[in-house]
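What's in run15.cif: mmCIF, C-alpha atoms
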```cif
data_protein
loop_
_atom_site.label_atom_id
_atom_site.label_comp_id
_atom_site.auth_asym_id
_atom_site.auth_seq_id
_atom_site.Cartn_x
_atom_site.Cartn_y
_atom_site.Cartn_z
CA MET A 1 -169.35 103.54 -6.59
CA ASN A 2 -171.51 106.37 -7.90
CA HIS A 3 -169.37 108.95 -9.72
CA HIS A 4 -172.16 111.55 -9.63
CA GLN A 5 -172.20 111.65 -5.85
CA ASP A 6 -170.89 114.93 -4.43
CA SER A 7 -167.98 114.68 -2.03
CA ALA A 8 -168.08 116.47 1.32
CA ALA A 9 -165.54 119.02 0.02
CA ASP A 10 -167.71 119.78 -3.02
CA ILE A 11 -170.75 120.42 -0.83
CA GLU A 12 -168.81 122.41 1.78
CA PHE A 13 -167.12 124.74 -0.71
CA GLY A 14 -170.05 125.05 -3.08
CA SER A 15 -168.48 123.26 -6.00
CA ASP A 16 -171.02 122.76 -8.75
CA HIS A 17 -170.44 120.55 -11.76
CA GLY A 18 -172.28 121.44 -14.93
CA THR A 19 -174.11 119.07 -17.20
CA VAL A 20 -173.32 118.54 -20.86
CA LYS A 21 -176.53 120.41 -21.68
CA SER A 22 -175.51 123.45 -19.61
CA TYR A 23 -172.07 123.51 -21.25
CA ILE A 24 -173.62 123.34 -24.73
CA VAL A 25 -176.10 126.12 -23.88
CA GLY A 26 -173.26 128.25 -22.47
CA PHE A 27 -171.16 127.59 -25.57
CA ILE A 28 -173.97 128.56 -27.94
CA ILE A 29 -174.74 131.76 -26.01
CA SER A 30 -171.01 132.62 -25.97
CA LEU A 31 -170.79 131.99 -29.68
CA VAL A 32 -173.75 134.29 -30.39
CA LEU A 33 -172.31 136.97 -28.08
CA THR A 34 -169.07 136.78 -30.06
CA ILE A 35 -170.52 136.67 -33.58
CA ILE A 36 -172.89 139.66 -33.20
CA PRO A 37 -170.21 142.27 -32.35
CA PHE A 38 -167.85 140.70 -34.91
CA VAL A 39 -170.40 141.21 -37.68
CA ILE A 40 -171.16 144.75 -36.49
CA VAL A 41 -167.45 145.64 -36.62
CA ALA A 42 -166.69 143.73 -39.84
CA LYS A 43 -169.57 145.36 -41.72
CA HIS A 44 -169.02 148.82 -40.13
CA LEU A 45 -172.69 148.98 -39.11
CA LEU A 46 -172.07 151.65 -36.44
CA SER A 47 -169.79 154.61 -35.87
CA ASN A 48 -166.51 154.01 -34.05
CA SER A 49 -167.90 155.11 -30.69
CA GLY A 50 -171.03 153.00 -31.24
CA MET A 51 -168.88 149.97 -31.99
CA TYR A 52 -166.92 150.49 -28.78
CA VAL A 53 -170.14 150.62 -26.79
CA VAL A 54 -171.52 147.48 -28.45
CA ILE A 55 -168.25 145.59 -27.93
CA GLY A 56 -168.21 146.66 -24.26
CA ILE A 57 -171.81 145.59 -23.66
CA PHE A 58 -171.33 142.24 -25.35
CA ALA A 59 -168.03 141.71 -23.50
CA VAL A 60 -169.76 142.20 -20.14
CA ALA A 61 -172.58 139.86 -21.20
CA GLN A 62 -169.97 137.32 -22.28
CA LEU A 63 -168.27 137.64 -18.89
CA PHE A 64 -171.48 136.81 -17.05
CA VAL A 65 -172.23 133.86 -19.35
CA GLN A 66 -168.73 132.49 -18.73
CA LEU A 67 -169.07 132.95 -14.98
CA VAL A 68 -172.45 131.25 -14.75
CA PHE A 69 -172.15 128.43 -17.28
CA PHE A 70 -168.46 127.52 -17.04
CA LEU A 71 -167.19 128.74 -13.66
CA HIS A 72 -170.53 127.97 -11.98
CA LEU A 73 -170.58 131.12 -9.85
CA SER A 74 -173.96 131.76 -8.31
CA PHE A 75 -175.66 133.34 -5.33
CA LYS A 76 -176.54 129.99 -3.75
CA SER A 77 -175.49 129.80 -0.11
CA GLN A 78 -173.04 126.95 -0.74
CA ALA A 79 -171.29 128.86 -3.52
CA ARG A 80 -171.14 132.17 -1.65
CA TRP A 81 -167.44 131.74 -0.80
CA ASN A 82 -166.57 131.20 -4.46
CA LEU A 83 -168.47 134.37 -5.36
CA ASN A 84 -166.76 136.35 -2.58
CA VAL A 85 -163.32 135.20 -3.75
CA PHE A 86 -164.17 136.14 -7.32
CA LEU A 87 -165.42 139.60 -6.32
CA PHE A 88 -162.29 140.24 -4.25
CA THR A 89 -160.07 139.13 -7.15
CA PHE A 90 -162.06 141.38 -9.50
CA LEU A 91 -161.57 144.33 -7.13
CA VAL A 92 -157.81 143.73 -6.98
CA VAL A 93 -157.58 143.53 -10.79
CA VAL A 94 -159.59 146.76 -11.17
CA ILE A 95 -157.29 148.54 -8.69
CA LEU A 96 -154.19 147.27 -10.53
CA VAL A 97 -155.48 148.26 -13.97
CA LEU A 98 -156.72 151.70 -12.92
CA GLY A 99 -153.55 152.34 -10.91
CA SER A 100 -151.38 151.35 -13.86
CA LEU A 101 -153.34 153.60 -16.21
CA TRP A 102 -153.04 156.48 -13.75
CA ILE A 103 -149.28 155.99 -13.42
CA MET A 104 -148.84 155.77 -17.20
CA ALA A 105 -150.92 158.91 -17.73
CA ASN A 106 -148.80 160.80 -15.20
CA LEU A 107 -145.59 159.54 -16.81
CA ASP A 108 -146.83 160.59 -20.22
CA TYR A 109 -147.80 164.04 -18.93
CA PHE A 110 -144.47 164.69 -17.19
CA MET A 111 -142.37 163.26 -20.04
CA MET A 112 -144.10 165.49 -22.62
CA HIS A 113 -144.00 168.74 -20.58
#
```
Rewritten as structure tokens:
Amino acid sequence: MNHHQDSAADIEFGSDHGTVKSYIVGFIISLVLTIIPFVIVAKHLLSNSGMYVVIGIFAVAQLFVQLVFFLHLSFKSQARWNLNVFLFTFLVVVILVLGSLWIMANLDYFMMH
């Protein structure tokens, strides 16, 4: 039996299994995207606001690397459902976080005044 053969469920739901090479490449890119902002913060190479921007940019880049290399999300037609589920989950998380921040800001305002 060939273990590399895709099952019908894998093909139908767009499951994609990475290779060792793709995992190593993803790991190295993730490592670089972690080390660069760490060095910038540790050595105080930028102002506080500049460091926040750099950390945010590298965090978003890290997110996309993780999604592509480890979660195998893509725009291929077979994987479209996985991408749609991820985007919906992301939307729900954004609504929950922003809603929580809004509620906490209102509580802080009314508790202090």
Inset, instruction - Would you work out the distance separating atom CA of Gly56 of chain A from atom CA of Ile36 of chain A, expressed in Å to one decimal? - result: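 If I compute the distance from atom CA of Gly56 of chain A to atom CA of Ile36 of chain A, I get 12.3 Å.
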Adding 4 Å on each side of the box along x, y and z that holds all listed atoms of segment 47-62 of chain A, could you give its centre and edge lengths in Å to one decimal, as AutoDock Vina command-line options?
```
--center_x -169.5 --center_y 146.2 --center_z -28.0 --size_x 14.1 --size_y 25.8 --size_z 23.7
```
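The shortest atom-to-atom distance to Ile57 of chain A, with all atoms listed in the file taken into account, belongs to A:Leu33 out of A:Val25, A:His72, A:Ile95, A:Leu33.
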Inset, instruction - Compare A:Val53, A:Asn48, A:Phe70, A:Tyr109 by their minimum atom-to-atom distance to Lys21 of chain A, counting only C-alpha atoms, and give me the closest one. - result: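 Using only C-alpha atoms, the shortest distance to Lys21 of chain A belongs to A:Phe70.
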Legend entry - Shell around Ser22 of chain A at 10 Å using only C-alpha atoms, local window under 6 positions removed, as a VMD selection string: chain A and resid 28 68 to 70
